[in-house]
>>> print(open('my_file_6.txt').read())   # compact mmCIF, C-alpha atoms
# COMPACT_ATOMS: atom_id res chain seq x y z
CA MET K 7 -2.32 5.32 -1.77
CA LEU K 8 0.80 3.20 -1.59
CA PRO K 9 1.98 -0.29 -2.34
CA ASN K 10 1.64 -1.96 1.05
CA GLY K 11 2.29 1.18 2.85
CA GLY K 12 1.26 4.73 3.83
CA MET K 13 -1.32 5.18 6.54
CA SER K 14 -3.04 8.48 6.11
CA GLY K 15 -5.39 10.29 8.42
CA SER K 16 -3.92 9.40 11.78
CA PRO K 17 -3.07 11.86 14.56
CA GLU K 18 0.67 11.33 14.37
CA ILE K 19 0.83 12.74 10.85
CA THR K 20 -0.60 16.13 11.73
CA GLN K 21 1.97 18.83 12.23
CA LYS K 22 3.25 22.12 10.80
CA ASN K 23 2.13 22.80 7.25
CA GLU K 24 5.60 22.83 5.73
CA ASP K 25 8.11 20.45 4.19
CA SER K 26 11.41 19.46 5.76
CA VAL K 27 14.55 17.89 4.31
CA SER K 28 14.32 14.99 6.75
CA GLY K 29 10.67 14.44 5.78
CA LEU K 30 11.62 14.24 2.11
CA GLY K 31 14.42 11.83 2.94
CA PHE K 32 12.15 9.53 4.94
CA ALA K 33 9.30 9.56 2.40
CA ILE K 34 11.43 9.15 -0.71
CA SER K 35 13.33 6.29 0.94
CA ALA K 36 10.04 4.57 1.74
CA TYR K 37 8.69 4.96 -1.79
CA PHE K 38 11.91 3.67 -3.33
CA LEU K 39 11.85 0.62 -1.06
CA TRP K 40 8.25 -0.05 -2.11
CA GLY K 41 9.31 0.41 -5.72
CA PHE K 42 11.98 -2.28 -5.39
CA LEU K 43 9.71 -4.63 -3.39
CA PRO K 44 8.66 -6.60 -6.53
CA LEU K 45 12.26 -7.80 -6.92
CA TYR K 46 12.13 -9.31 -3.43
CA LEU K 47 8.68 -10.78 -3.92
CA LYS K 48 9.74 -12.30 -7.25
CA ALA K 49 12.35 -14.33 -5.37
CA LEU K 50 9.43 -15.76 -3.36
CA SER K 51 7.24 -16.50 -6.40
CA HIS K 52 7.58 -20.27 -5.87
CA ILE K 53 5.79 -19.89 -2.52
CA SER K 54 2.03 -19.40 -2.25
CA PRO K 55 0.91 -15.81 -1.59
CA VAL K 56 -0.88 -16.91 1.60
CA GLU K 57 2.32 -18.37 3.08
CA VAL K 58 4.25 -15.20 2.19
CA VAL K 59 1.55 -13.08 3.88
CA VAL K 60 1.87 -15.29 6.96
CA HIS K 61 5.55 -14.49 7.23
CA ARG K 62 5.04 -10.80 6.45
CA VAL K 63 2.75 -10.73 9.47
CA VAL K 64 4.79 -12.85 11.87
CA TRP K 65 8.17 -11.23 11.24
CA SER K 66 6.78 -7.70 11.14
CA VAL K 67 5.76 -7.97 14.80
CA PRO K 68 9.27 -7.92 16.32
CA VAL K 69 10.42 -5.15 13.96
CA ALA K 70 7.41 -2.91 14.67
CA ALA K 71 7.54 -3.69 18.41
CA ALA K 72 11.23 -2.82 18.59
CA VAL K 73 10.54 0.57 16.98
CA LEU K 74 7.75 1.39 19.44
CA ILE K 75 9.89 0.32 22.40
CA ALA K 76 12.71 2.55 21.15
CA LEU K 77 10.27 5.45 20.76
CA GLY K 78 8.64 4.79 24.12
CA ARG K 79 5.17 4.54 22.55
CA THR K 80 4.07 1.11 23.83
CA LYS K 81 1.42 2.68 26.08
CA ASP K 82 -0.73 3.40 23.02
CA ILE K 83 -0.77 -0.31 22.16
CA ARG K 84 -1.79 -1.29 25.69
CA ILE K 85 -4.68 1.17 25.52
CA ALA K 86 -5.72 -0.09 22.08
CA LEU K 87 -5.72 -3.73 23.21
CA THR K 88 -8.17 -2.87 26.00
CA THR K 89 -10.50 -0.72 23.87
CA PRO K 90 -13.13 -2.90 22.10
CA SER K 91 -14.09 -0.28 19.49
CA MET K 92 -10.45 0.25 18.53
CA LEU K 93 -9.85 -3.50 18.35
CA ALA K 94 -12.88 -3.94 16.10
CA MET K 95 -11.69 -1.26 13.69
CA ALA K 96 -8.15 -2.69 13.77
CA CYS K 97 -9.56 -6.09 12.80
CA VAL K 98 -11.27 -4.53 9.78
CA THR K 99 -8.14 -2.72 8.62
CA ALA K 100 -5.98 -5.80 9.33
CA VAL K 101 -8.18 -7.99 7.12
CA LEU K 102 -8.16 -5.41 4.32
CA VAL K 103 -4.39 -4.94 4.40
CA SER K 104 -3.77 -8.70 4.42
CA ILE K 105 -6.04 -9.10 1.39
CA ASN K 106 -4.16 -6.30 -0.35
CA TRP K 107 -0.81 -7.92 0.45
CA GLY K 108 -1.97 -11.31 -0.83
CA ILE K 109 -3.25 -9.91 -4.12
CA TYR K 110 -0.07 -7.90 -4.67
CA ILE K 111 2.14 -10.91 -3.97
CA PHE K 112 0.04 -12.95 -6.41
CA ALA K 113 0.36 -10.20 -9.03
CA ILE K 114 4.16 -10.30 -8.86
CA ALA K 115 4.39 -14.10 -8.76
CA SER K 116 1.98 -14.57 -11.68
CA GLY K 117 3.67 -12.08 -13.98
CA ASN K 118 1.14 -9.30 -13.51
CA ALA K 119 3.30 -6.59 -11.93
CA LEU K 120 2.11 -4.11 -14.57
CA GLU K 121 -1.45 -4.63 -13.44
CA GLY K 122 -0.27 -4.13 -9.87
CA ALA K 123 1.29 -0.81 -10.87
CA LEU K 124 -1.98 0.16 -12.55
CA GLY K 125 -3.88 -0.56 -9.35
CA TYR K 126 -1.67 1.72 -7.28
CA TYR K 127 -1.83 4.45 -9.91
CA ILE K 128 -5.64 4.36 -9.82
CA ASN K 129 -5.81 4.26 -6.04
CA PRO K 130 -5.65 8.03 -5.32
CA LEU K 131 -8.49 8.62 -7.76
CA PHE K 132 -10.55 5.84 -6.18
CA SER K 133 -9.96 7.35 -2.74
CA VAL K 134 -11.27 10.69 -3.99
CA LEU K 135 -14.32 8.92 -5.40
CA LEU K 136 -14.89 7.14 -2.07
CA GLY K 137 -14.84 10.47 -0.31
CA ALA K 138 -17.51 11.78 -2.66
CA VAL K 139 -19.75 8.71 -2.42
CA LEU K 140 -19.40 7.80 1.27
CA LEU K 141 -18.60 11.14 2.89
CA GLY K 142 -20.45 13.50 0.59
CA GLU K 143 -17.27 15.40 -0.24
CA LYS K 144 -17.65 17.77 -3.16
CA LEU K 145 -15.24 17.07 -6.01
CA ALA K 146 -13.76 19.74 -8.23
CA ARG K 147 -14.36 19.46 -11.96
CA LEU K 148 -10.73 18.50 -12.58
CA GLN K 149 -11.09 15.62 -10.12
CA TRP K 150 -14.15 14.29 -11.95
CA ILE K 151 -12.27 14.55 -15.24
CA ALA K 152 -9.32 12.67 -13.69
CA ILE K 153 -11.63 9.88 -12.53
CA GLY K 154 -13.10 9.80 -16.04
CA PHE K 155 -9.66 9.26 -17.56
CA ALA K 156 -9.07 6.35 -15.18
CA ALA K 157 -12.45 4.82 -16.06
CA VAL K 158 -11.69 5.04 -19.78
CA ALA K 159 -8.29 3.40 -19.21
CA VAL K 160 -9.91 0.49 -17.33
CA LEU K 161 -12.50 0.15 -20.10
CA ILE K 162 -9.78 -0.05 -22.77
CA LEU K 163 -7.91 -2.74 -20.84
CA THR K 164 -11.14 -4.66 -20.26
CA ILE K 165 -12.06 -4.65 -23.95
CA ASP K 166 -8.53 -5.64 -24.97
CA ALA K 167 -8.24 -8.54 -22.52
CA GLY K 168 -11.88 -9.60 -22.65
CA ARG K 169 -12.05 -9.35 -18.87
CA LEU K 170 -11.82 -6.77 -16.12
CA PRO K 171 -8.27 -6.03 -14.90
CA TRP K 172 -9.31 -7.65 -11.62
CA ILE K 173 -5.88 -7.54 -9.98
CA ALA K 174 -5.60 -3.78 -10.46
CA LEU K 175 -9.19 -3.21 -9.33
CA ALA K 176 -8.83 -5.52 -6.31
CA LEU K 177 -5.67 -3.73 -5.21
CA THR K 178 -7.34 -0.35 -5.68
CA ILE K 179 -10.53 -1.28 -3.82
CA SER K 180 -8.84 -3.14 -0.94
CA TRP K 181 -6.32 -0.35 -0.31
CA GLY K 182 -8.91 2.38 -0.85
CA PHE K 183 -11.19 0.95 1.82
CA TYR K 184 -8.20 0.22 4.06
CA ALA K 185 -7.19 3.89 3.96
CA PHE K 186 -10.83 4.93 4.43
CA PHE K 187 -11.32 2.85 7.57
CA LYS K 188 -7.81 3.64 8.80
CA LYS K 189 -8.92 7.23 9.32
CA SER K 190 -11.33 5.96 11.99
CA LEU K 191 -8.52 4.30 13.95
CA PRO K 192 -7.43 6.88 16.57
CA ILE K 193 -3.84 5.74 16.87
CA GLY K 194 -0.55 6.72 15.26
CA PRO K 195 0.68 4.92 12.11
CA ASN K 196 3.53 3.04 13.80
CA GLN K 197 1.25 1.87 16.62
CA GLY K 198 -1.55 1.12 14.17
CA PHE K 199 0.70 -1.09 12.06
CA LEU K 200 1.80 -3.12 15.10
CA LEU K 201 -1.81 -3.40 16.26
CA GLU K 202 -2.88 -4.73 12.85
CA VAL K 203 -0.16 -7.37 12.61
CA LEU K 204 -0.89 -8.41 16.19
CA MET K 205 -4.52 -8.94 15.19
CA LEU K 206 -3.39 -11.13 12.28
CA THR K 207 -0.72 -13.06 14.19
CA PRO K 208 -2.91 -15.83 15.75
CA ALA K 209 -4.33 -16.79 12.35
CA ALA K 210 -0.89 -16.52 10.74
CA ILE K 211 0.73 -18.79 13.32
CA ALA K 212 -2.15 -21.28 13.08
CA TYR K 213 -1.70 -21.50 9.29
CA TRP K 214 2.07 -21.80 9.67
CA ILE K 215 1.57 -24.74 12.05
CA TYR K 216 -0.80 -26.33 9.52
CA LEU K 217 1.82 -25.96 6.77
CA GLU K 218 4.50 -27.55 8.96
CA ARG K 219 2.28 -30.48 9.93
CA THR K 220 1.29 -31.15 6.33
CA GLY K 221 4.86 -30.88 5.11
CA THR K 222 4.06 -28.02 2.73
CA SER K 223 5.94 -25.25 4.53
CA HIS K 224 8.82 -23.53 2.70
CA PHE K 225 10.34 -22.08 5.85
CA ALA K 226 13.17 -24.62 6.18
CA ALA K 227 14.28 -24.08 2.58
CA ASP K 228 13.77 -20.30 2.43
CA THR K 229 14.30 -19.29 6.04
CA TRP K 230 16.10 -16.00 5.52
CA LEU K 231 13.96 -14.85 2.62
CA LEU K 232 10.77 -15.45 4.61
CA MET K 233 12.13 -13.88 7.80
CA GLY K 234 13.22 -10.90 5.72
CA CYS K 235 9.56 -10.29 4.88
CA GLY K 236 9.24 -8.57 8.23
CA ILE K 237 11.97 -6.07 7.41
CA VAL K 238 10.78 -5.31 3.86
CA THR K 239 7.25 -4.85 5.21
CA ALA K 240 7.86 -2.84 8.37
CA VAL K 241 10.82 -0.62 7.48
CA PRO K 242 9.19 1.27 4.55
CA LEU K 243 6.02 1.78 6.59
CA ILE K 244 7.98 3.24 9.48
CA LEU K 245 10.01 5.48 7.15
CA TYR K 246 6.80 6.68 5.51
CA ALA K 247 5.13 7.38 8.86
CA ASN K 248 8.03 9.58 9.92
CA GLY K 249 8.18 11.29 6.54
CA ALA K 250 4.47 12.04 6.40
CA LYS K 251 4.66 13.90 9.72
CA ARG K 252 7.21 16.28 8.21
CA LEU K 253 5.63 16.93 4.80
CA ARG K 254 2.61 18.75 3.41
CA LEU K 255 -0.25 16.64 2.06
CA THR K 256 0.30 17.98 -1.45
CA THR K 257 3.94 16.91 -1.32
CA ILE K 258 2.97 13.41 -0.26
CA ALA K 259 0.35 13.35 -3.05
CA VAL K 260 3.07 13.92 -5.65
CA LEU K 261 5.68 11.63 -4.09
CA GLN K 262 3.26 8.70 -3.88
CA TYR K 263 3.62 8.15 -7.65
CA ILE K 264 7.27 7.14 -7.23
CA ALA K 265 6.44 3.59 -6.14
CA PRO K 266 3.98 2.60 -8.91
CA THR K 267 6.30 4.22 -11.48
CA MET K 268 9.18 2.06 -10.25
CA ILE K 269 6.93 -1.01 -10.24
CA PHE K 270 5.97 -0.15 -13.82
CA LEU K 271 9.63 0.15 -14.88
CA VAL K 272 10.62 -3.07 -13.10
CA ALA K 273 7.72 -4.93 -14.74
CA VAL K 274 8.64 -3.77 -18.25
CA PHE K 275 12.44 -3.71 -18.16
CA VAL K 276 13.31 -6.37 -15.55
CA PHE K 277 10.41 -8.83 -15.66
CA ASN K 278 9.86 -8.27 -19.41
CA GLU K 279 6.10 -8.23 -19.10
CA PRO K 280 4.30 -7.49 -22.40
CA PHE K 281 3.35 -3.86 -22.96
CA GLY K 282 0.90 -3.91 -25.85
CA VAL K 283 -1.10 -1.23 -27.62
CA ALA K 284 -3.93 -1.24 -25.07
CA ARG K 285 -1.54 -0.62 -22.17
CA ALA K 286 0.33 1.98 -24.24
CA ILE K 287 -2.98 3.87 -24.43
CA ALA K 288 -4.34 3.12 -20.95
CA PHE K 289 -1.29 4.05 -18.87
CA PRO K 290 -0.86 7.54 -20.42
CA LEU K 291 -4.57 8.13 -19.75
CA ILE K 292 -3.99 7.25 -16.09
CA TRP K 293 -0.96 9.53 -15.96
CA ILE K 294 -2.95 12.40 -17.44
CA GLY K 295 -5.66 11.77 -14.85
CA LEU K 296 -3.09 11.86 -12.05
CA VAL K 297 -1.62 15.13 -13.34
CA LEU K 298 -5.11 16.66 -13.31
CA TYR K 299 -5.78 15.26 -9.83
CA THR K 300 -2.51 16.69 -8.49
CA LEU K 301 -3.19 20.05 -10.16
CA SER K 302 -6.63 20.11 -8.57
CA MET K 303 -5.15 19.42 -5.13
CA TRP K 304 -2.60 22.20 -5.63
CA ARG K 305 -5.33 24.67 -6.65
CA GLN K 306 -7.47 23.77 -3.64
CA ARG K 307 -4.55 24.25 -1.29
CA HIS K 308 -3.34 27.51 -2.76
CA GLY K 309 -6.77 28.91 -3.60
>>> encode(input="my_file_6.txt", output="structure tokens")
Amino acid sequence: MLPNGGMSGSPEITQKNEDSVSGLGFAISAYFLWGFLPLYLKALSHISPVEVVVHRVVWSVPVAAAVLIALGRTKDIRIALTTPSMLAMACVTAVLVSINWGIYIFAIASGNALEGALGYYINPLFSVLLGAVLLGEKLARLQWIAIGFAAVAVLILTIDAGRLPWIALALTISWGFYAFFKKSLPIGPNQGFLLEVLMLTPAAIAYWIYLERTGTSHFAADTWLLMGCGIVTAVPLILYANGAKRLRLTTIAVLQYIAPTMIFLVAVFVFNEPFGVARAIAFPLIWIGLVLYTLSMWRQRHG
């Protein structure tokens, strides 16, 4: 799906099967913000990923809450907080999204943004595979071929590095299962996001207190950067949620490649990460797979 974003499968997204100019504006804005997110996270690379996640959680709460208050949708949160089954599913998705955030932050800080981009490129194909394995969904031949291209790309990178590209795979798997379980959460994307960060807030505050007491907190030195984590986390998600309601699924499927492409470009041309022969082979294979996947989706939709 998306780098730290996009919540598919929720009731709020369903609407008329047509694209709108406002929907394109919202979605493209969200994807561009996600594409530039590595630049912000790089400025926090001297801070541990766990501490950055803590502040992404804590400072996202007031932003997400303010949006719901403005929209008059706080009733959904009150219902969710008193529904045990919904709370249990929100806990699962909250844990998965926090793991995904932590791995992505680590990828940027450790000079592995290219591997992060790879993970988000592979993600749509992994989601299709999950649907086949866990839901018994029948895949078209083009979709199987697309998954095959992705598998070959991972194999090439594994052989070249002598290890699995674990960052890319961890991002793919954590976000793939997050999106999978998110479909079982009967609440809109804006409300769902607030519910998830609320679930994570007690643990985040507890860890923040621990950091302060042990003198290892960076909050005093990087106050505004860490507080800004709430804005860079919540705003793209909210933009995406509003865009997804106004766009067709096939349009979203194409637009979702904006973010990993920007991450790829930032990694190569801004962070100067090495782009060797293996990556020069693997990434085009992924891109071919994504073209086939998108073509398959278009054929299914237009018969």
>>> residues_near_point(input="my_file_6.txt", point="(-7.0, -7.1, 9.9)", cutoff="12 Å", atoms="all atoms listed in the file", output="number ranges by chain")
K: 63, 92-107, 180, 184, 187-188, 198-210
>>> residues_around(input="my_file_6.txt", residues="K:Phe132", least_positions_apart="6", cutoff="12 Å", atoms="only C-alpha atoms", output="ChimeraX atom specification")
/K:7,125-126,138-140,149-150,152-157,174-186,292,295-296,299
>>> closest_residue(input="my_file_6.txt", among="K:Ile269, K:Val274, K:Leu232, K:Leu145", to="K:Gln306", atoms="all atoms listed in the file")
K:Leu145
>>> atom_distance(input="my_file_6.txt", atom1="atom CA of K:Gly236", atom2="atom CA of K:Glu57")
13.1 Å
>>> closest_residue(input="my_file_6.txt", among="K:Thr89, K:Thr80, K:Ser26, K:Thr267", to="K:Leu124", atoms="only C-alpha atoms")
K:Thr267
>>> closest_residue(input="my_file_6.txt", among="K:Ala167, K:Leu131, K:Val276, K:Leu87", to="K:Ile193", atoms="all atoms listed in the file")
K:Leu87
>>> residues_near_point(input="my_file_6.txt", point="(4.6, -25.1, 7.6)", cutoff="12 Å", atoms="all atoms listed in the file", output="count of residues only")
28
>>> residues_around(input="my_file_6.txt", residues="K:Val73", least_positions_apart="5", cutoff="12 Å", atoms="only C-alpha atoms", output="ChimeraX atom specification")
/K:66-68,78-80,195-197,199-200,237,240-241,243-245,247-248
>>> closest_residue(input="my_file_6.txt", among="K:Leu47, K:Leu301, K:Leu191, K:Phe277", to="K:Pro90", atoms="all atoms listed in the file")
K:Leu191
>>> atom_distance(input="my_file_6.txt", atom1="atom CA of K:Arg252", atom2="atom CA of K:Gly31")
10.0 Å
